[in-house]
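Heads up: the structure comes next, in structure tokens.
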Amino acid sequence: MQITSSSPNSRGLNRVFIVDGGRIPFQRSGTTYRHRNPYQLSKKAISSLLHRQPELKDRIEFITLGTVIQDVNSSNLAREAALGAGLSPSIPAITETMACISSNAAINRIADAIALGRIDVGLAAGAESMSDIPIRLSKRLRQALLNSRSAKSFPQLLGHFSSIRPRDLKPDIPSISEFSTGETMGKSCDRMVMRYGVNRQEQDQFALRSHDLAFQAHQNGRYTDELLDASDEPDFQSITDENGIRGNSTLEKLSKLKPAFESSYGTVTAGNASFLTDGASAMILASEKGLTNAGISPLAEIVGSLFTAKDPETDLLIGPALAIPRLLRSLGLTLQNIDVIEIHEAFAGQVLSLLNALNSQVFFRNHLPDHSPIGELDMTKLNLWGGSLAIGHPFGATGIRLVSTAARRLHHENGELALIASCAAGGQAHAMVIRRVDKVSELSRKRGGVS
């Protein structure tokens, strides 16, 4: 097959290679990492990845890190984590935030810099801690505290707080609802599954599949190379398991759970939705020159990437159904050309709705009138090592997890091309295609695409 004009090399840009990537084991929030903040988690992921790629540590030229809920004390988390991980202070670093596709954006910023010839080696990372979210005081109390700085006497100080009422003492906890609509993602998914014809049993079956596959993948050592060391001196215990995976779950247990968002008609439950998760991930990318100078082989090559956005009020989670067809067409590919598929599982119903949309004449007529349905997705290619429903979803770290897993699955399954796709808050989405690379000798081929 020949990948067409959207691949970087065919447009006169440098090719972009994934050297290595992984994650510290994801953990349910409030458990193993409950005393760790995003800085500590991301620092550990970066340092552990560099520990097994020491020849690249001094070659990194730019750093990005994706995160969603930021602490004002480490607002440029990328910079702080890089310094904490021992990287040179001369390396610029930037923090990306794009909801659930924040580390996807981090990967793309590094990839763009490599493609344009600005750098040869870069590091992307992602992190999130739902155990340590920044909680503010109420706005009225914050304002009173700020105004009190001008007080010249104790009576003046008290005067600034004279209008404060007991209700103003209630903390301002970050909301999980959409800022623009006020609606939670779970409620949006409840409406989505009705629109795309997905029932409760299908959602529970898909969730069970995710947990079963993730459990088997861990038991069979599939994640051995992907899980980064999560021990630290002196008190960061060694962690090898991901504690959100339920290897003993059953359809009967899932079916007994009550709707989590819409009590009257909802079908989204705690069992078929991803759970709050703490974790971090990291990935090194390089140009052909960067690989040659370091004398190392890559896992895969990025051949195409695309972001999309839709109205979050009506189409919050359907974005991948727009991104996937557009990206495949731009690369001259079809679903039949894809060997490995990794799709982010925010909710079981979201993934199943996406699969129905990709094969729907009505959806394409309404949303992509210049495209035709791309057909039914082959489930034997989808998330075969489990997905976010089981492994977890630390918002800023999931994108790198998906790409890292896809690259390793290509090698394990002897595939050539992998498709990765994710939805995100705000009605945004991302899709990417990567190609397996086996040997450094492959990099010397002077072709415009993939044959």
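Identifiers for the structure tokens are assigned positionally: chains receive A, B, ... in sequence, residues are indexed from 1 per chain, and ligands are indexed from 1 in the order shown.
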
Query raised in the report: Residues at most 8 Å from A:Tyr39, counting only C-alpha atoms, excluding those fewer than 3 positions away in the same chain, as number ranges by chain?
Result: A: 42-43, 74, 77, 80-81

Query raised in the report: stretch 421-430 of chain A: which residues within 6 Å, counting only C-alpha atoms, same-chain residues fewer than 6 positions away excluded, as a PyMOL selection string?
Result: chain A and resi 99-101+306-312+316-317+319-320+343-344

Keeping only N, CA and C atoms, write those residues as a JSON list (two decimals), in the first residue's frame.
[["chain", "number", "residue", "atom", "x", "y", "z"],
["A", 99, "ALA", "N", -7.92, 18.82, 27.51],
["A", 99, "ALA", "CA", -8.80, 17.83, 28.13],
["A", 99, "ALA", "C", -8.20, 16.44, 27.99],
["A", 100, "CYS", "N", -9.01, 15.45, 27.61],
["A", 100, "CYS", "CA", -8.56, 14.05, 27.60],
["A", 100, "CYS", "C", -7.55, 13.75, 26.50],
["A", 101, "ILE", "N", -7.30, 14.69, 25.61],
["A", 101, "ILE", "CA", -6.30, 14.48, 24.56],
["A", 101, "ILE", "C", -5.10, 15.40, 24.76],
["A", 306, "LEU", "N", -4.60, 13.98, 13.17],
["A", 306, "LEU", "CA", -5.66, 14.95, 12.88],
["A", 306, "LEU", "C", -6.47, 15.25, 14.14],
["A", 307, "PHE", "N", -6.74, 16.53, 14.40],
["A", 307, "PHE", "CA", -7.63, 16.95, 15.47],
["A", 307, "PHE", "C", -8.93, 17.47, 14.87],
["A", 308, "THR", "N", -10.04, 17.24, 15.56],
["A", 308, "THR", "CA", -11.33, 17.77, 15.13],
["A", 308, "THR", "C", -12.08, 18.32, 16.33],
["A", 309, "ALA", "N", -13.16, 19.05, 16.06],
["A", 309, "ALA", "CA", -13.99, 19.58, 17.15],
["A", 309, "ALA", "C", -15.43, 19.73, 16.66],
["A", 310, "LYS", "N", -16.36, 19.51, 17.59],
["A", 310, "LYS", "CA", -17.80, 19.65, 17.32],
["A", 310, "LYS", "C", -18.45, 20.40, 18.48],
["A", 311, "ASP", "N", -19.71, 20.74, 18.31],
["A", 311, "ASP", "CA", -20.47, 21.44, 19.35],
["A", 311, "ASP", "C", -20.58, 20.54, 20.59],
["A", 312, "PRO", "N", -20.04, 20.97, 21.75],
["A", 312, "PRO", "CA", -20.09, 20.10, 22.93],
["A", 312, "PRO", "C", -21.50, 19.89, 23.48],
["A", 316, "LEU", "N", -20.78, 15.97, 22.01],
["A", 316, "LEU", "CA", -19.62, 16.04, 22.89],
["A", 316, "LEU", "C", -18.60, 14.94, 22.64],
["A", 317, "LEU", "N", -19.05, 13.70, 22.45],
["A", 317, "LEU", "CA", -18.14, 12.56, 22.43],
["A", 317, "LEU", "C", -17.99, 11.88, 21.08],
["A", 319, "GLY", "N", -16.58, 12.99, 18.35],
["A", 319, "GLY", "CA", -15.49, 13.51, 17.53],
["A", 319, "GLY", "C", -14.66, 12.49, 16.78],
["A", 320, "PRO", "N", -14.29, 11.34, 17.38],
["A", 320, "PRO", "CA", -13.49, 10.37, 16.62],
["A", 320, "PRO", "C", -14.16, 9.88, 15.35],
["A", 343, "ILE", "N", -8.72, 2.65, 20.71],
["A", 343, "ILE", "CA", -9.67, 3.75, 20.90],
["A", 343, "ILE", "C", -9.87, 3.98, 22.39],
["A", 344, "HIS", "N", -9.80, 5.22, 22.79],
["A", 344, "HIS", "CA", -9.99, 5.57, 24.20],
["A", 344, "HIS", "C", -11.41, 5.24, 24.64]]

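Taking atom CA of A:Leu384 and atom CA of A:Ser231 as the two end points, the separation is 27.7 Å.
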
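For the residues A:Ser180, A:Asn356, A:Thr269, A:Gln53, ranking by smallest atom-to-atom distance to A:Thr314 using only C-alpha atoms places A:Ser180 first.
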
Query - For atom CA of A:Thr181 and atom CA of A:Phe261, the interatomic separation in Å (one decimal) - result: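 According to the coordinates, atom CA of A:Thr181 and atom CA of A:Phe261 are separated by 15.7 Å.
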
Report task. Using DSSP on the backbone coordinates, identify the residues of stretch 138-336 of chain A assigned to helix (DSSP H, G or I); present them as a VMD selection string. Result -> chain A and resid 139 to 150 154 to 160 166 to 169 185 to 195 200 to 219 251 to 255 288 to 294 320 to 330 335 to 336

I want to know what sits within 10 Å of A:Ser255, based on only C-alpha atoms, with residues of the same chain fewer than 2 positions away left out; could you give that as a PDB file with C-alpha atoms, in the first residue's frame?
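The result, stored in part_33.pdb:
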ATOM      1  CA  ARG A 200     -27.407  -1.246  28.545  1.00  0.00           C
ATOM      2  CA  GLN A 201     -26.455  -4.885  27.986  1.00  0.00           C
ATOM      3  CA  GLN A 203     -22.403  -1.430  27.295  1.00  0.00           C
ATOM      4  CA  ASP A 204     -21.937  -3.871  30.153  1.00  0.00           C
ATOM      5  CA  GLN A 205     -20.642  -6.559  27.783  1.00  0.00           C
ATOM      6  CA  THR A 250     -19.151 -10.712  35.541  1.00  0.00           C
ATOM      7  CA  LEU A 251     -22.033  -9.536  33.419  1.00  0.00           C
ATOM      8  CA  GLU A 252     -24.371 -10.310  36.293  1.00  0.00           C
ATOM      9  CA  LYS A 253     -22.459  -8.003  38.645  1.00  0.00           C
ATOM     10  CA  LEU A 257     -25.342  -1.419  39.092  1.00  0.00           C
ATOM     11  CA  LYS A 258     -27.654   1.584  39.066  1.00  0.00           C
ATOM     12  CA  THR A 267     -27.680   3.312  31.132  1.00  0.00           C
ATOM     13  CA  THR A 269     -23.070   3.168  35.337  1.00  0.00           C
ATOM     14  CA  GLY A 271     -19.241  -0.306  35.815  1.00  0.00           C
ATOM     15  CA  ASN A 272     -19.343   0.770  32.157  1.00  0.00           C
TER      16      ASN A 272
END

Report task. Compile the contact shell of A:Arg36 as number ranges by chain: residues with an atom at most 9 Å away, counting only C-alpha atoms, same-chain residues fewer than 4 positions apart removed. Result -> A: 32, 40-41, 129, 131-132, 278

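Distances from A:Val433, A:Ala270, A:Leu410, A:Ala85 to A:Leu299 were compared using only C-alpha atoms, and the smallest one belongs to A:Leu410.
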
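Near A:Lys187, within a cut-off of 9 Å and counting only C-alpha atoms, sit the residues Glu183, Thr184, Asp190, Arg191, Met192, Ala260, Phe261, Glu262, Gly266 and Val268 of chain A, with same-chain residues fewer than 3 positions away left out.
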
Query raised in the report: Which neighbours of A:Glu55 fall inside 9 Å, counting only C-alpha atoms, when residues of the same chain fewer than 5 positions from it are skipped, and could you give them as an MDAnalysis selection string?
Result: chainID A and resid 50 294:296

What does the file look like for those residues with C-alpha atoms, as a PDB file, in the first residue's frame?
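Output contents, as saved in again.pdb:
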ATOM      1  CA  LEU A  50      15.147   8.008  30.504  1.00  0.00           C
ATOM      2  CA  ALA A 294      22.197   7.811  18.884  1.00  0.00           C
ATOM      3  CA  GLY A 295      22.504   4.449  17.118  1.00  0.00           C
ATOM      4  CA  ILE A 296      19.069   3.265  18.215  1.00  0.00           C
TER       5      ILE A 296
END

Within 12 Å of A:Gly159 using only C-alpha atoms, minus same-chain residues under 2 positions, as a PDB file with N, CA and C atoms, in the first residue's frame:
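Listed below is the output, result30.pdb:
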ATOM      1  N   ALA A 144     -12.259  38.714  49.543  1.00  0.00           N
ATOM      2  CA  ALA A 144     -12.056  39.349  50.844  1.00  0.00           C
ATOM      3  C   ALA A 144     -10.608  39.220  51.299  1.00  0.00           C
ATOM      4  N   LEU A 145     -10.019  38.051  51.086  1.00  0.00           N
ATOM      5  CA  LEU A 145      -8.623  37.838  51.476  1.00  0.00           C
ATOM      6  C   LEU A 145      -7.686  38.745  50.681  1.00  0.00           C
ATOM      7  N   ASN A 147      -8.487  41.615  49.254  1.00  0.00           N
ATOM      8  CA  ASN A 147      -8.699  43.003  49.670  1.00  0.00           C
ATOM      9  C   ASN A 147      -8.092  43.298  51.039  1.00  0.00           C
ATOM     10  N   SER A 148      -8.041  42.270  51.897  1.00  0.00           N
ATOM     11  CA  SER A 148      -7.554  42.480  53.261  1.00  0.00           C
ATOM     12  C   SER A 148      -6.076  42.843  53.320  1.00  0.00           C
ATOM     13  N   ARG A 149      -5.373  42.639  52.230  1.00  0.00           N
ATOM     14  CA  ARG A 149      -3.946  42.966  52.232  1.00  0.00           C
ATOM     15  C   ARG A 149      -3.682  44.459  52.416  1.00  0.00           C
ATOM     16  N   SER A 150      -4.710  45.260  52.097  1.00  0.00           N
ATOM     17  CA  SER A 150      -4.528  46.713  52.218  1.00  0.00           C
ATOM     18  C   SER A 150      -4.873  47.235  53.605  1.00  0.00           C
ATOM     19  N   ALA A 151      -5.317  46.360  54.497  1.00  0.00           N
ATOM     20  CA  ALA A 151      -5.744  46.797  55.835  1.00  0.00           C
ATOM     21  C   ALA A 151      -4.562  47.355  56.623  1.00  0.00           C
ATOM     22  N   LYS A 152      -4.810  48.487  57.292  1.00  0.00           N
ATOM     23  CA  LYS A 152      -3.778  49.117  58.102  1.00  0.00           C
ATOM     24  C   LYS A 152      -3.973  48.858  59.593  1.00  0.00           C
ATOM     25  N   SER A 153      -5.128  48.318  59.955  1.00  0.00           N
ATOM     26  CA  SER A 153      -5.410  48.054  61.363  1.00  0.00           C
ATOM     27  C   SER A 153      -6.293  46.820  61.463  1.00  0.00           C
ATOM     28  N   PHE A 154      -6.415  46.305  62.678  1.00  0.00           N
ATOM     29  CA  PHE A 154      -7.240  45.119  62.880  1.00  0.00           C
ATOM     30  C   PHE A 154      -8.710  45.386  62.559  1.00  0.00           C
ATOM     31  N   PRO A 155      -9.282  46.548  62.963  1.00  0.00           N
ATOM     32  CA  PRO A 155     -10.673  46.835  62.573  1.00  0.00           C
ATOM     33  C   PRO A 155     -10.868  46.875  61.064  1.00  0.00           C
ATOM     34  N   GLN A 156      -9.892  47.453  60.343  1.00  0.00           N
ATOM     35  CA  GLN A 156      -9.989  47.462  58.889  1.00  0.00           C
ATOM     36  C   GLN A 156      -9.946  46.042  58.328  1.00  0.00           C
ATOM     37  N   LEU A 157      -9.099  45.204  58.926  1.00  0.00           N
ATOM     38  CA  LEU A 157      -9.005  43.811  58.490  1.00  0.00           C
ATOM     39  C   LEU A 157     -10.341  43.104  58.671  1.00  0.00           C
ATOM     40  N   PHE A 161     -14.006  41.364  55.965  1.00  0.00           N
ATOM     41  CA  PHE A 161     -14.692  40.076  56.076  1.00  0.00           C
ATOM     42  C   PHE A 161     -16.114  40.205  56.624  1.00  0.00           C
ATOM     43  N   SER A 162     -16.591  41.432  56.756  1.00  0.00           N
ATOM     44  CA  SER A 162     -17.905  41.653  57.360  1.00  0.00           C
ATOM     45  C   SER A 162     -19.050  41.101  56.516  1.00  0.00           C
ATOM     46  N   SER A 163     -18.846  41.013  55.206  1.00  0.00           N
ATOM     47  CA  SER A 163     -19.921  40.531  54.327  1.00  0.00           C
ATOM     48  C   SER A 163     -19.880  39.019  54.101  1.00  0.00           C
ATOM     49  N   ILE A 164     -18.884  38.352  54.687  1.00  0.00           N
ATOM     50  CA  ILE A 164     -18.759  36.906  54.503  1.00  0.00           C
ATOM     51  C   ILE A 164     -19.837  36.182  55.297  1.00  0.00           C
TER      52      ILE A 164
END

**Report entry** One-decimal distance in Å that lies between atom CA of A:Pro134 and atom CA of A:Asp71
**Finding:** 5.9 Å

Report task. Just list the residues in stretch 65-311 of chain A DSSP gives strand (DSSP E) on the backbone, as an NGL selection string. Result -> :A and (65-66 or 93-96 or 121-128 or 277-286 or 300-309)

Export of prior selection with C-alpha atoms as a short mmCIF file (atom, residue, chain, number, x, y, z; two decimals), in the first residue's frame:
data_model
loop_
_atom_site.label_atom_id
_atom_site.label_comp_id
_atom_site.auth_asym_id
_atom_site.auth_seq_id
_atom_site.Cartn_x
_atom_site.Cartn_y
_atom_site.Cartn_z
CA LEU A 65 3.61 17.55 28.91
CA GLY A 66 -0.16 17.20 28.81
CA ALA A 93 9.45 22.88 28.16
CA ILE A 94 5.78 23.66 27.66
CA THR A 95 2.60 22.30 29.27
CA GLU A 96 -0.35 21.40 27.04
CA VAL A 121 14.88 14.43 19.64
CA GLY A 122 12.01 15.45 21.90
CA LEU A 123 10.12 14.16 24.91
CA ALA A 124 6.35 14.19 25.40
CA ALA A 125 4.69 13.31 28.69
CA GLY A 126 1.33 13.39 30.44
CA ALA A 127 0.13 13.30 34.03
CA GLU A 128 -2.96 13.60 36.18
CA THR A 277 -7.41 7.65 37.94
CA ASP A 278 -3.93 8.83 38.94
CA GLY A 279 -1.00 8.23 36.63
CA ALA A 280 1.66 9.54 34.28
CA SER A 281 3.21 8.58 30.96
CA ALA A 282 6.16 9.59 28.80
CA MET A 283 7.39 9.12 25.23
CA ILE A 284 10.55 9.91 23.28
CA LEU A 285 10.32 10.85 19.61
CA ALA A 286 13.13 11.41 17.11
CA ALA A 300 7.11 3.02 15.03
CA GLU A 301 6.71 5.98 12.73
CA ILE A 302 3.95 8.57 12.86
CA VAL A 303 2.44 8.81 9.40
CA GLY A 304 -0.62 10.98 10.01
CA SER A 305 -2.50 12.85 12.71
CA LEU A 306 -5.66 14.95 12.88
CA PHE A 307 -7.63 16.95 15.47
CA THR A 308 -11.33 17.77 15.13
CA ALA A 309 -13.99 19.58 17.15
#
